[in-house]
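Visitor: Below is the structure I would like to discuss, written out as structure tokens.
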Amino acid sequence: MSNSFVIQDCLRSKTLELMNLNLKNDTPMSDEVRKSLAEIEICKNLIKEKIKKQEQRETFEDIENKLSNLQHDISDFDGLATDKTYSYLNESLNELEAKLCRIPETEDTQGKNLELSLQINFSKNRLREVAEDSENILVVENRIKELLQIFSEGKPDIDFNSLDEEFIKLRIDLDKLGITERLSYRKLTCVSYIEYLMKQMSERNKAKIGHVSRSVIV
């Protein structure tokens with residue numbers, strides 16, 4: 001039997017005891033009645049405290065479950081800060097934070113309160129980082145598309161030295177990103193295209209040098 005049930009049984013017992021005392025005793029407020037009233041009040045306060053703690057535990061569990069789901073959604077997110085999904089995730093984290101703040105901080109709750117508060121703040125920062133990483137990858141993806149277009153058009157005036165420096169910079173920019181599992185595929189795709197473009201550039205550069213050499217010989 002749980003402590004809550006024991007306390008409730010105690011309260012019922014004391015209430016019945018008090019009723020019997022009132023029936024047997026003509027005195028308005030005997031010592032026994034006062035004692036029973038005091039014990040009943042103690043039982044009532046204990047029940048209130050137990051109910052309060054149970055509600056707090058349930059609130060903590062609800063926050064933990066929702067936070068776990070949100071963290072999973074953040075790991076799957078690969079959009080931008082302007083996306084509706086980003087707004088939903090951010091607002092959901094803010095709601096959990098507000099719900100957590102409504103729990104009174106006591107010796108019993110402060111540890112859990114701090115733990116969840118740190119997790120929520122970490123998740124909010126992680127969401128921002130993922131959105132920033134996604135935006136940075138998008139910049140690289142768009143530049144790769146432009147470079148693919150340049151190579152497909154076969155422009156003769158390509159500055160290979162400048163492109164070589166740009167490819168190196170793009171690789172460095174990609175390596176700096178704290179990629180999630182969802183973003184890792186996009187990163188690997190970018191790396192593959194960069195390697196492909198570098199190979200194309202090397203072949204064209206060799207062909208250009210060979211053409212110049214033949215022109216000099218002639």
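Lettering and numbering for the structure tokens are positional, with chains as A, B, ... in the shown order, residues counted from 1 in each chain, and ligands counted from 1 in the shown order.
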Please provide as a list in words all residues within 12 Å of range 102-107 of chain A, with the sequence filter that same-chain residues fewer than 2 positions apart are discarded (counting only C-alpha atoms).
Guide: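 My reading of the contact set: Lys52, Lys53, Glu55, Gln56, Arg57, Glu58, Thr59, Phe60, Ile63, Glu95, Leu96, Glu97, Ala98, Lys99, Leu100, Thr109, Gln110, Gly111, Lys112, Asn113, Leu114, Leu116 and Ser117 of chain A.
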Visitor: Can you tell me, as a short mmCIF file (atom, residue, chain, number, x, y, z; two decimals) with N, CA and C atoms, in the first residue's frame, what residues are no more than 10 Å from Arg171 in chain A when counting only C-alpha atoms, ignoring any on the same chain fewer than 3 positions away?
Guide:
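Final output, out_38.cif:
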```
data_model
loop_
_atom_site.label_atom_id
_atom_site.label_comp_id
_atom_site.auth_asym_id
_atom_site.auth_seq_id
_atom_site.Cartn_x
_atom_site.Cartn_y
_atom_site.Cartn_z
N VAL A 140 26.80 26.52 -50.11
CA VAL A 140 27.76 25.69 -50.84
C VAL A 140 27.08 24.99 -52.01
N GLU A 166 39.01 28.41 -54.30
CA GLU A 166 37.61 28.37 -53.88
C GLU A 166 37.21 26.96 -53.46
N PHE A 167 37.67 25.95 -54.18
CA PHE A 167 37.36 24.57 -53.82
C PHE A 167 37.91 24.23 -52.43
N ILE A 168 39.11 24.69 -52.18
CA ILE A 168 39.72 24.45 -50.86
C ILE A 168 38.91 25.13 -49.77
N LEU A 174 32.81 23.28 -45.21
CA LEU A 174 32.02 22.09 -44.93
C LEU A 174 32.54 21.35 -43.70
N ASP A 175 33.85 21.30 -43.56
CA ASP A 175 34.45 20.59 -42.42
C ASP A 175 34.14 21.27 -41.10
N LYS A 176 33.87 22.57 -41.14
CA LYS A 176 33.57 23.31 -39.91
C LYS A 176 32.18 23.02 -39.37
N LYS A 187 26.09 17.03 -47.00
CA LYS A 187 27.51 17.37 -46.92
C LYS A 187 28.33 16.44 -47.81
N CYS A 190 27.94 17.28 -51.39
CA CYS A 190 28.73 18.47 -51.74
C CYS A 190 30.20 18.10 -51.93
N VAL A 191 30.72 17.30 -51.02
CA VAL A 191 32.12 16.89 -51.10
C VAL A 191 32.37 16.11 -52.40
N ILE A 194 32.46 18.52 -55.26
CA ILE A 194 33.69 19.32 -55.24
C ILE A 194 34.85 18.50 -55.80
N GLU A 195 34.93 17.24 -55.39
CA GLU A 195 35.99 16.36 -55.91
C GLU A 195 35.85 16.17 -57.42
#
```
